[in-house]
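Below is the file final.cif, which contains mmCIF, C-alpha atoms.
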data_entry
loop_
_atom_site.label_atom_id
_atom_site.label_comp_id
_atom_site.auth_asym_id
_atom_site.auth_seq_id
_atom_site.Cartn_x
_atom_site.Cartn_y
_atom_site.Cartn_z
CA MET A 1 21.24 -18.17 -33.37
CA SER A 2 22.47 -21.76 -33.34
CA ALA A 3 22.04 -24.04 -30.37
CA ASN A 4 25.78 -23.95 -29.72
CA THR A 5 25.91 -20.16 -29.87
CA GLY A 6 23.01 -19.95 -27.41
CA ALA A 7 24.70 -22.39 -25.04
CA GLU A 8 27.95 -20.42 -25.25
CA ALA A 9 26.11 -17.20 -24.39
CA VAL A 10 24.64 -18.82 -21.30
CA GLU A 11 28.07 -20.10 -20.24
CA ASP A 12 29.59 -16.64 -20.74
CA GLU A 13 26.83 -15.14 -18.61
CA ARG A 14 27.43 -17.68 -15.86
CA ALA A 15 31.18 -17.10 -15.95
CA SER A 16 30.69 -13.34 -15.62
CA LEU A 17 28.98 -13.84 -12.26
CA THR A 18 32.36 -14.23 -10.56
CA SER A 19 33.40 -10.71 -11.59
CA ARG A 20 30.19 -8.85 -10.84
CA VAL A 21 29.99 -6.01 -8.31
CA ILE A 22 26.69 -5.79 -6.45
CA PRO A 23 25.12 -2.53 -5.26
CA VAL A 24 25.28 -1.85 -1.53
CA MET A 25 22.55 -0.28 0.61
CA THR A 26 23.27 2.83 2.62
CA PHE A 27 21.62 3.09 6.03
CA SER A 28 20.71 6.34 7.71
CA GLU A 29 22.62 7.88 10.63
CA GLY A 30 21.28 9.20 13.90
CA SER A 31 22.09 12.76 12.88
CA ASN A 32 20.07 12.58 9.65
CA PRO A 33 17.27 15.16 9.99
CA LEU A 34 15.02 12.93 7.90
CA THR A 35 15.17 10.07 10.40
CA ARG A 36 16.13 11.49 13.79
CA PRO A 37 13.41 12.01 16.46
CA LEU A 38 11.14 15.00 16.04
CA PRO A 39 11.46 17.80 18.59
CA PRO A 40 9.15 17.17 21.55
CA LEU A 41 5.95 19.12 21.78
CA PRO A 42 6.12 22.03 24.23
CA SER A 43 5.28 20.92 27.75
CA SER A 44 2.84 23.80 27.95
CA THR A 45 0.68 22.28 25.19
CA ILE A 46 -2.66 21.20 26.61
CA PRO A 47 -3.21 17.41 26.74
CA LEU A 48 -5.97 17.41 24.13
CA ALA A 49 -3.74 19.26 21.67
CA ARG A 50 -0.83 16.92 22.40
CA ALA A 51 -3.06 13.93 21.72
CA ALA A 52 -4.21 15.42 18.43
CA ALA A 53 -0.65 16.28 17.39
CA ARG A 54 0.54 12.74 18.08
CA PHE A 55 -1.55 11.36 15.22
CA GLN A 56 -1.66 14.41 12.98
CA VAL A 57 -1.33 13.60 9.29
CA GLU A 58 0.61 16.26 7.42
CA GLY A 59 1.01 16.99 3.74
CA LYS A 60 -0.24 15.55 0.48
CA ALA A 61 -1.27 12.00 -0.29
CA ILE A 62 -1.91 9.72 -3.24
CA ILE A 63 -4.20 6.74 -2.74
CA THR A 64 -4.21 4.10 -5.47
CA GLY A 65 -7.33 1.98 -5.57
CA GLY A 66 -8.66 5.03 -3.79
CA ALA A 67 -12.21 4.77 -5.10
CA GLY A 68 -12.79 1.37 -3.51
CA ALA A 69 -14.22 0.78 -0.03
CA LEU A 70 -10.90 0.55 1.82
CA GLY A 71 -9.38 3.43 -0.13
CA LEU A 72 -12.31 5.79 0.46
CA ILE A 73 -12.61 5.08 4.18
CA SER A 74 -8.86 5.57 4.57
CA ALA A 75 -9.00 8.81 2.59
CA GLN A 76 -11.62 10.19 4.95
CA ALA A 77 -9.61 9.19 8.01
CA LEU A 78 -6.45 10.86 6.69
CA LEU A 79 -8.39 14.03 5.89
CA GLU A 80 -9.91 14.01 9.37
CA HIS A 81 -6.39 13.92 10.81
CA GLY A 82 -5.16 16.92 8.85
CA LEU A 83 -4.23 15.88 5.31
CA SER A 84 -4.04 19.03 3.18
CA ALA A 85 -4.24 17.51 -0.33
CA LEU A 86 -5.41 14.19 -1.70
CA CYS A 87 -5.31 12.55 -5.11
CA ILE A 88 -7.55 9.52 -5.53
CA MET A 89 -6.32 7.22 -8.29
CA ASP A 90 -8.28 4.30 -9.71
CA LEU A 91 -9.58 2.79 -12.91
CA PRO A 92 -11.87 5.17 -14.86
CA ARG A 93 -14.97 3.03 -14.32
CA THR A 94 -14.37 2.81 -10.55
CA LEU A 95 -13.83 6.56 -10.32
CA GLU A 96 -17.13 7.02 -12.12
CA THR A 97 -19.14 4.68 -9.89
CA SER A 98 -17.63 6.24 -6.74
CA ASN A 99 -17.95 9.83 -7.90
CA GLU A 100 -20.69 10.62 -5.38
CA GLU A 101 -18.54 9.46 -2.46
CA ILE A 102 -15.54 11.40 -3.77
CA GLN A 103 -17.64 14.55 -4.13
CA SER A 104 -18.89 14.02 -0.58
CA LEU A 105 -15.29 14.12 0.66
CA ALA A 106 -14.77 17.42 -1.14
CA VAL A 107 -17.85 18.86 0.60
CA LYS A 108 -16.80 17.58 4.04
CA PHE A 109 -13.25 18.90 3.69
CA PRO A 110 -13.50 22.13 1.66
CA SER A 111 -10.04 23.34 2.69
CA ALA A 112 -8.33 20.24 1.25
CA ASN A 113 -7.31 19.99 -2.38
CA ILE A 114 -9.03 16.76 -3.52
CA THR A 115 -8.55 15.50 -7.07
CA LYS A 116 -8.98 12.22 -8.93
CA ILE A 117 -6.85 10.75 -11.70
CA ALA A 118 -7.37 7.61 -13.77
CA LEU A 119 -4.69 4.96 -13.20
CA ASP A 120 -3.89 1.47 -14.45
CA VAL A 121 -1.24 0.10 -12.09
CA THR A 122 -0.19 -2.51 -14.68
CA SER A 123 0.93 0.19 -17.12
CA MET A 124 4.21 2.03 -16.59
CA ASP A 125 3.07 4.84 -18.86
CA SER A 126 -0.14 5.23 -16.85
CA ILE A 127 1.77 5.24 -13.55
CA GLU A 128 4.30 7.85 -14.67
CA THR A 129 1.65 10.08 -16.22
CA ALA A 130 -0.69 9.86 -13.21
CA PHE A 131 2.00 10.40 -10.57
CA GLU A 132 3.53 13.35 -12.40
CA GLN A 133 0.11 14.91 -12.86
CA ALA A 134 -0.67 14.45 -9.15
CA PHE A 135 2.74 15.77 -8.15
CA GLN A 136 2.29 18.92 -10.20
CA SER A 137 -1.33 19.41 -9.11
CA MET A 138 -0.62 19.06 -5.38
CA GLY A 139 2.85 20.56 -5.42
CA GLY A 140 4.44 17.40 -4.01
CA VAL A 141 3.67 14.03 -2.46
CA ASP A 142 4.32 13.08 1.16
CA ILE A 143 2.21 9.94 1.53
CA LEU A 144 1.33 7.05 -0.76
CA CYS A 145 -1.27 4.42 0.17
CA CYS A 146 -1.56 1.48 -2.23
CA PHE A 147 -4.98 -0.16 -2.14
CA ALA A 148 -5.23 -1.19 -5.79
CA GLY A 149 -5.67 -4.95 -5.98
CA VAL A 150 -7.58 -7.85 -7.48
CA VAL A 151 -8.82 -11.12 -5.99
CA SER A 152 -8.70 -14.39 -7.89
CA SER A 153 -9.82 -17.82 -6.67
CA GLN A 154 -8.91 -20.65 -9.04
CA HIS A 155 -7.68 -24.21 -8.80
CA SER A 156 -3.93 -24.23 -9.34
CA LEU A 157 -4.08 -27.23 -11.69
CA SER A 158 -6.18 -25.28 -14.17
CA VAL A 159 -5.21 -21.61 -13.74
CA ALA A 160 -3.95 -20.10 -16.99
CA PRO A 161 -0.67 -18.14 -17.21
CA ASP A 162 -2.44 -14.88 -18.04
CA GLN A 163 -4.78 -15.29 -15.06
CA PHE A 164 -1.91 -15.96 -12.67
CA ASN A 165 0.24 -13.16 -14.09
CA LYS A 166 -2.58 -10.60 -13.91
CA VAL A 167 -2.89 -11.05 -10.15
CA LEU A 168 0.85 -10.55 -9.67
CA ASP A 169 0.92 -7.63 -12.10
CA VAL A 170 -1.77 -5.73 -10.18
CA ASN A 171 -1.07 -6.70 -6.58
CA LEU A 172 2.72 -7.01 -6.47
CA ASN A 173 4.21 -5.31 -9.52
CA GLY A 174 1.67 -2.50 -9.37
CA SER A 175 2.48 -1.86 -5.71
CA PHE A 176 6.21 -1.75 -6.41
CA PHE A 177 6.12 0.56 -9.40
CA CYS A 178 3.68 2.95 -7.71
CA ALA A 179 5.93 2.98 -4.63
CA GLN A 180 8.93 3.62 -6.86
CA ALA A 181 7.17 6.51 -8.62
CA ALA A 182 6.28 8.11 -5.29
CA ALA A 183 9.70 7.46 -3.74
CA LYS A 184 11.56 9.12 -6.62
CA ARG A 185 9.55 12.28 -6.04
CA MET A 186 9.97 12.08 -2.26
CA VAL A 187 13.75 11.76 -2.66
CA ALA A 188 13.85 14.69 -5.08
CA SER A 189 11.92 16.85 -2.60
CA GLY A 190 14.40 16.08 0.17
CA LYS A 191 11.58 15.75 2.70
CA GLY A 192 11.07 11.98 2.86
CA GLY A 193 7.60 10.54 3.29
CA SER A 194 5.48 7.54 4.14
CA ILE A 195 4.45 4.66 1.88
CA LEU A 196 1.76 2.21 2.96
CA LEU A 197 1.23 -1.02 1.02
CA THR A 198 -1.67 -3.42 1.42
CA ALA A 199 -0.73 -7.01 2.11
CA SER A 200 -3.25 -9.47 3.61
CA ILE A 201 -3.62 -12.36 6.01
CA SER A 202 -3.16 -14.30 2.76
CA ALA A 203 0.50 -13.25 2.96
CA HIS A 204 0.82 -15.24 6.17
CA CYS A 205 -1.46 -18.27 5.82
CA THR A 206 -3.28 -20.39 3.26
CA ASN A 207 -6.91 -19.37 3.00
CA PHE A 208 -9.72 -21.90 3.31
CA PRO A 209 -11.89 -23.07 1.62
CA GLN A 210 -11.08 -21.15 -1.58
CA PRO A 211 -7.96 -21.99 -3.63
CA GLN A 212 -6.08 -18.78 -4.48
CA ALA A 213 -2.38 -19.48 -4.86
CA ALA A 214 -1.77 -16.48 -7.12
CA TYR A 215 -3.37 -14.04 -4.69
CA ASN A 216 -1.57 -15.53 -1.70
CA ALA A 217 1.78 -15.39 -3.48
CA SER A 218 1.20 -11.80 -4.57
CA LYS A 219 0.39 -10.67 -1.04
CA ALA A 220 3.34 -12.56 0.46
CA GLY A 221 5.44 -10.66 -2.07
CA VAL A 222 3.94 -7.36 -0.93
CA ALA A 223 4.74 -8.12 2.71
CA HIS A 224 8.38 -8.85 1.95
CA LEU A 225 8.59 -5.98 -0.53
CA THR A 226 7.59 -3.75 2.39
CA ARG A 227 10.55 -4.90 4.46
CA SER A 228 12.97 -4.65 1.55
CA LEU A 229 11.99 -1.12 0.58
CA ALA A 230 11.95 0.00 4.22
CA ALA A 231 15.59 -1.06 4.60
CA GLU A 232 16.65 0.49 1.32
CA TRP A 233 14.81 3.81 1.53
CA ALA A 234 15.17 4.71 5.22
CA VAL A 235 18.25 6.80 4.43
CA HIS A 236 15.97 9.03 2.36
CA GLY A 237 13.54 9.48 5.24
CA ILE A 238 10.95 7.28 3.54
CA ARG A 239 9.10 4.91 5.85
CA VAL A 240 7.53 1.86 4.18
CA ASN A 241 4.95 -0.24 6.03
CA SER A 242 2.03 -2.49 5.22
CA ILE A 243 -1.25 -3.60 6.69
CA SER A 244 -2.61 -7.14 6.45
CA PRO A 245 -6.40 -7.04 6.67
CA GLY A 246 -8.38 -10.18 7.26
CA TYR A 247 -11.73 -10.77 5.60
CA MET A 248 -13.39 -7.38 5.32
CA ASP A 249 -17.09 -6.76 4.81
CA THR A 250 -16.82 -5.18 1.35
CA ILE A 251 -18.34 -5.89 -2.04
CA LEU A 252 -15.46 -8.29 -2.77
CA ASN A 253 -16.85 -10.64 -0.10
CA ALA A 254 -20.55 -10.04 -0.70
CA GLY A 255 -23.26 -11.99 -2.52
CA ASP A 256 -25.30 -15.13 -1.96
CA GLY A 257 -22.71 -17.19 -3.80
CA LEU A 258 -20.23 -16.56 -0.98
CA ALA A 259 -22.64 -17.25 1.90
CA ALA A 260 -21.18 -20.68 2.68
CA ALA A 261 -17.62 -19.39 2.48
CA ARG A 262 -18.48 -16.45 4.75
CA GLU A 263 -19.77 -18.86 7.39
CA ILE A 264 -16.46 -20.73 7.26
CA TRP A 265 -14.43 -17.53 7.43
CA ASP A 266 -16.42 -16.31 10.44
CA SER A 267 -16.08 -19.68 12.18
CA ARG A 268 -12.29 -19.52 11.83
CA CYS A 269 -12.06 -16.00 13.31
CA PRO A 270 -11.91 -15.71 17.13
CA MET A 271 -14.08 -12.58 16.95
CA GLY A 272 -16.61 -14.51 14.88
CA ARG A 273 -17.13 -11.96 12.12
CA MET A 274 -15.66 -10.08 9.21
CA GLY A 275 -14.00 -6.72 9.67
CA ASP A 276 -15.69 -3.40 9.02
CA PRO A 277 -13.65 -1.21 6.62
CA GLU A 278 -13.51 1.51 9.28
CA GLU A 279 -11.46 -0.86 11.43
CA ILE A 280 -8.35 -0.52 9.27
CA THR A 281 -8.19 3.25 9.67
CA GLY A 282 -6.43 3.32 13.04
CA ALA A 283 -3.43 1.52 11.58
CA VAL A 284 -3.54 3.64 8.42
CA VAL A 285 -3.48 6.89 10.38
CA LEU A 286 -0.70 5.65 12.68
CA LEU A 287 1.55 4.56 9.83
CA CYS A 288 0.94 7.74 7.82
CA SER A 289 1.40 10.06 10.79
CA ARG A 290 4.78 11.78 10.83
CA ARG A 291 4.97 11.85 14.62
CA GLY A 292 2.98 8.79 15.69
CA GLY A 293 4.67 6.52 13.13
CA ARG A 294 8.10 8.17 13.23
CA PHE A 295 10.11 5.07 14.25
CA ILE A 296 7.90 2.50 12.49
CA THR A 297 9.17 1.17 9.19
CA GLY A 298 9.28 -2.30 7.67
CA ALA A 299 6.29 -3.24 9.81
CA ASP A 300 3.19 -5.19 8.81
CA ILE A 301 0.14 -4.62 11.02
CA VAL A 302 -2.35 -7.49 10.97
CA ILE A 303 -6.00 -6.44 11.26
CA ASP A 304 -7.92 -9.72 11.26
CA GLY A 305 -9.96 -10.20 14.45
CA GLY A 306 -7.46 -12.80 15.63
CA THR A 307 -7.64 -15.15 12.62
CA LEU A 308 -3.85 -15.56 12.47
CA ALA A 309 -3.73 -16.26 16.21
CA LEU A 310 -5.01 -19.78 15.54
#
Take the structure from the file and write it as structure tokens.
Amino acid sequence: MSANTGAEAVEDERASLTSRVIPVMTFSEGSNPLTRPLPPLPSSTIPLARAAARFQVEGKAIITGGAGALGLISAQALLEHGLSALCIMDLPRTLETSNEEIQSLAVKFPSANITKIALDVTSMDSIETAFEQAFQSMGGVDILCCFAGVVSSQHSLSVAPDQFNKVLDVNLNGSFFCAQAAAKRMVASGKGGSILLTASISAHCTNFPQPQAAYNASKAGVAHLTRSLAAEWAVHGIRVNSISPGYMDTILNAGDGLAAAREIWDSRCPMGRMGDPEEITGAVVLLCSRRGGRFITGADIVIDGGTLAL
């Protein structure tokens, strides 16, 4: 193609903008059974049972990044609150190293159908294959929790394109395409569902002392993706929310090499410490609960010991 031909193509594309027709979102209506309030619990129900029902988790869930610390602790919490089937998706090596913990869940919750499937969230073929396999195995999907993610700390003047793109591919693109795969199946079922994405305090502030522009940008994208999908998919009865954990005491933040950084992180947190993985589970259960989280969508719950309060 000559330079002139290329320039003409660009001009034609620009000119066509004035005649384009953009898609339009459809919002739900108050009468939509997928979004209207649930019937109240009978007044005769004893208080303890009402309390349990408020945060009951119903149905079948997929957890990506499910063999990591946050994924496993969330899986246990959802099972404790009534989840009937669970598919843990992660990279093959991570599934292997966490096999003992996954088997422990199966022993603790013998009535639940617990499976594991290998998944690479940067591969569309892997996503489609894994989600279809999970859908067929469980007989549906009602909940998706996306915990798959990577951390990268590099100086922005020297970060290479493939390094930057990998972080976005896993954290942002992976979250979207997994959410899309789940949502298509939720829409087809006609029952709606709940999708929980994992953002971060890095979506809301610049971390210190480590430089991590790619990670911060990816998590800011996840936070806004949450709001966008919530608006677009509410009509289908699909709630989309996110959590933004602060520094959590997991293997990602462990090791002597991070001791100095950990001291800084603790000093900049009003509660003076890192979070325990268990401390995200209250928000996870709330947002995945059909009754407790019924009118919550497009929300991002910050779980950071007050770090963002400063």
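Proximity ranking of A:Ala53, A:Leu72, A:Val302, A:Ala181 relative to A:Pro40 places A:Ala53 first, based on all atoms listed in the file.
We find atom CA of A:Gly59 and atom CA of A:Ala85 to be spaced 6.7 Å apart.
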Chain and number of each residue from the PyMOL selection byres ((chain A and resi 185) around 12), as an NGL selection string: :A and (128 or 131-136 or 139-144 or 178-184 or 186-194 or 236 or 238)
I'd like the contact shell of A:Asn113 - 12 Å cut-off, all atoms listed in the file, skipping same-chain residues fewer than 2 positions apart - returned as a PDB file with C-alpha atoms, keeping the file's coordinate frame.
ATOM      1  CA  GLY A  59       1.010  16.990   3.740  1.00  0.00           C
ATOM      2  CA  LYS A  60      -0.240  15.550   0.480  1.00  0.00           C
ATOM      3  CA  ALA A  61      -1.270  12.000  -0.290  1.00  0.00           C
ATOM      4  CA  ILE A  62      -1.910   9.720  -3.240  1.00  0.00           C
ATOM      5  CA  LEU A  79      -8.390  14.030   5.890  1.00  0.00           C
ATOM      6  CA  GLY A  82      -5.160  16.920   8.850  1.00  0.00           C
ATOM      7  CA  LEU A  83      -4.230  15.880   5.310  1.00  0.00           C
ATOM      8  CA  SER A  84      -4.040  19.030   3.180  1.00  0.00           C
ATOM      9  CA  ALA A  85      -4.240  17.510  -0.330  1.00  0.00           C
ATOM     10  CA  LEU A  86      -5.410  14.190  -1.700  1.00  0.00           C
ATOM     11  CA  CYS A  87      -5.310  12.550  -5.110  1.00  0.00           C
ATOM     12  CA  ILE A  88      -7.550   9.520  -5.530  1.00  0.00           C
ATOM     13  CA  ILE A 102     -15.540  11.400  -3.770  1.00  0.00           C
ATOM     14  CA  GLN A 103     -17.640  14.550  -4.130  1.00  0.00           C
ATOM     15  CA  LEU A 105     -15.290  14.120   0.660  1.00  0.00           C
ATOM     16  CA  ALA A 106     -14.770  17.420  -1.140  1.00  0.00           C
ATOM     17  CA  VAL A 107     -17.850  18.860   0.600  1.00  0.00           C
ATOM     18  CA  LYS A 108     -16.800  17.580   4.040  1.00  0.00           C
ATOM     19  CA  PHE A 109     -13.250  18.900   3.690  1.00  0.00           C
ATOM     20  CA  PRO A 110     -13.500  22.130   1.660  1.00  0.00           C
ATOM     21  CA  SER A 111     -10.040  23.340   2.690  1.00  0.00           C
ATOM     22  CA  THR A 115      -8.550  15.500  -7.070  1.00  0.00           C
ATOM     23  CA  LYS A 116      -8.980  12.220  -8.930  1.00  0.00           C
ATOM     24  CA  ALA A 134      -0.670  14.450  -9.150  1.00  0.00           C
ATOM     25  CA  SER A 137      -1.330  19.410  -9.110  1.00  0.00           C
ATOM     26  CA  MET A 138      -0.620  19.060  -5.380  1.00  0.00           C
ATOM     27  CA  GLY A 139       2.850  20.560  -5.420  1.00  0.00           C
TER      28      GLY A 139
END
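Counting from atom CA of A:Asp304, the distance to atom CA of A:Val240 is 20.6 Å.
Taking atom CA of A:Asp300 as the reference point, atom CA of A:Val285 is found at 13.9 Å.
By all atoms listed in the file, and with residues fewer than 5 positions from A:Val235 along its chain excluded, the set lying at most 10 Å from it is Met25, Thr26, Phe27, Ser28, Glu29, Asn32, Leu34, Thr35, Val187, Gly192 and Ala230 of chain A.
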Residues in the PyMOL selection byres ((chain A and resi 297) around 6), expressed as JSON, numbers by chain: {"A": [230, 239, 240, 241, 296, 298, 299]}
The PyMOL selection byres ((chain A and resi 145-149) around 6) resolved against shown file, as a ChimeraX atom specification: /A:63-65,144,150,170-171,195-198
Near-stretch 210-224 of chain A list (7 Å; all atoms listed in the file; drop same-chain fewer than 5 positions) as a PyMOL selection string: chain A and resi 151-156+164+167-168+171-172+199-200+202-204+242+300
Could the residues in this selection be written to a file with C-alpha atoms, as an mmCIF file, in the frame of the given file?
data_model
loop_
_atom_site.group_PDB
_atom_site.id
_atom_site.type_symbol
_atom_site.label_atom_id
_atom_site.label_comp_id
_atom_site.auth_asym_id
_atom_site.auth_seq_id
_atom_site.Cartn_x
_atom_site.Cartn_y
_atom_site.Cartn_z
ATOM 1 C CA VAL A 151 -8.820 -11.120 -5.990
ATOM 2 C CA SER A 152 -8.700 -14.390 -7.890
ATOM 3 C CA SER A 153 -9.820 -17.820 -6.670
ATOM 4 C CA GLN A 154 -8.910 -20.650 -9.040
ATOM 5 C CA HIS A 155 -7.680 -24.210 -8.800
ATOM 6 C CA SER A 156 -3.930 -24.230 -9.340
ATOM 7 C CA PHE A 164 -1.910 -15.960 -12.670
ATOM 8 C CA VAL A 167 -2.890 -11.050 -10.150
ATOM 9 C CA LEU A 168 0.850 -10.550 -9.670
ATOM 10 C CA ASN A 171 -1.070 -6.700 -6.580
ATOM 11 C CA LEU A 172 2.720 -7.010 -6.470
ATOM 12 C CA ALA A 199 -0.730 -7.010 2.110
ATOM 13 C CA SER A 200 -3.250 -9.470 3.610
ATOM 14 C CA SER A 202 -3.160 -14.300 2.760
ATOM 15 C CA ALA A 203 0.500 -13.250 2.960
ATOM 16 C CA HIS A 204 0.820 -15.240 6.170
ATOM 17 C CA SER A 242 2.030 -2.490 5.220
ATOM 18 C CA ASP A 300 3.190 -5.190 8.810
#
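Around A:Ala261, within 8 Å and counting all atoms listed in the file, the residues found are Pro209, Gln210, Leu258, Ile264 and Trp265 of chain A, once anything fewer than 3 positions away on its own chain is removed.
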Counting only C-alpha atoms, the option among A:Ala75, A:Ala160, A:Ala130, A:Ser123 closest to A:Met89: A:Ala130
Excluding A:Thr307 and residues on its chain fewer than 4 positions from it, collect all residues at most 12 Å away from it, counting only C-alpha atoms, and give them as an mmCIF file with C-alpha atoms, in the coordinates of the input.
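Written out: result03.cif:
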data_model
loop_
_atom_site.group_PDB
_atom_site.id
_atom_site.type_symbol
_atom_site.label_atom_id
_atom_site.label_comp_id
_atom_site.auth_asym_id
_atom_site.auth_seq_id
_atom_site.Cartn_x
_atom_site.Cartn_y
_atom_site.Cartn_z
ATOM 1 C CA SER A 200 -3.250 -9.470 3.610
ATOM 2 C CA ILE A 201 -3.620 -12.360 6.010
ATOM 3 C CA SER A 202 -3.160 -14.300 2.760
ATOM 4 C CA HIS A 204 0.820 -15.240 6.170
ATOM 5 C CA CYS A 205 -1.460 -18.270 5.820
ATOM 6 C CA THR A 206 -3.280 -20.390 3.260
ATOM 7 C CA ASN A 207 -6.910 -19.370 3.000
ATOM 8 C CA PHE A 208 -9.720 -21.900 3.310
ATOM 9 C CA SER A 244 -2.610 -7.140 6.450
ATOM 10 C CA PRO A 245 -6.400 -7.040 6.670
ATOM 11 C CA GLY A 246 -8.380 -10.180 7.260
ATOM 12 C CA TYR A 247 -11.730 -10.770 5.600
ATOM 13 C CA ILE A 264 -16.460 -20.730 7.260
ATOM 14 C CA TRP A 265 -14.430 -17.530 7.430
ATOM 15 C CA ASP A 266 -16.420 -16.310 10.440
ATOM 16 C CA SER A 267 -16.080 -19.680 12.180
ATOM 17 C CA ARG A 268 -12.290 -19.520 11.830
ATOM 18 C CA CYS A 269 -12.060 -16.000 13.310
ATOM 19 C CA PRO A 270 -11.910 -15.710 17.130
ATOM 20 C CA MET A 271 -14.080 -12.580 16.950
ATOM 21 C CA GLY A 272 -16.610 -14.510 14.880
ATOM 22 C CA ARG A 273 -17.130 -11.960 12.120
ATOM 23 C CA MET A 274 -15.660 -10.080 9.210
ATOM 24 C CA GLY A 275 -14.000 -6.720 9.670
ATOM 25 C CA VAL A 302 -2.350 -7.490 10.970
ATOM 26 C CA ILE A 303 -6.000 -6.440 11.260
#
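Counting only C-alpha atoms, the residue from A:Val159, A:Ala15, A:Leu229, A:Ile301 that sits nearest to A:Phe176 is A:Leu229.
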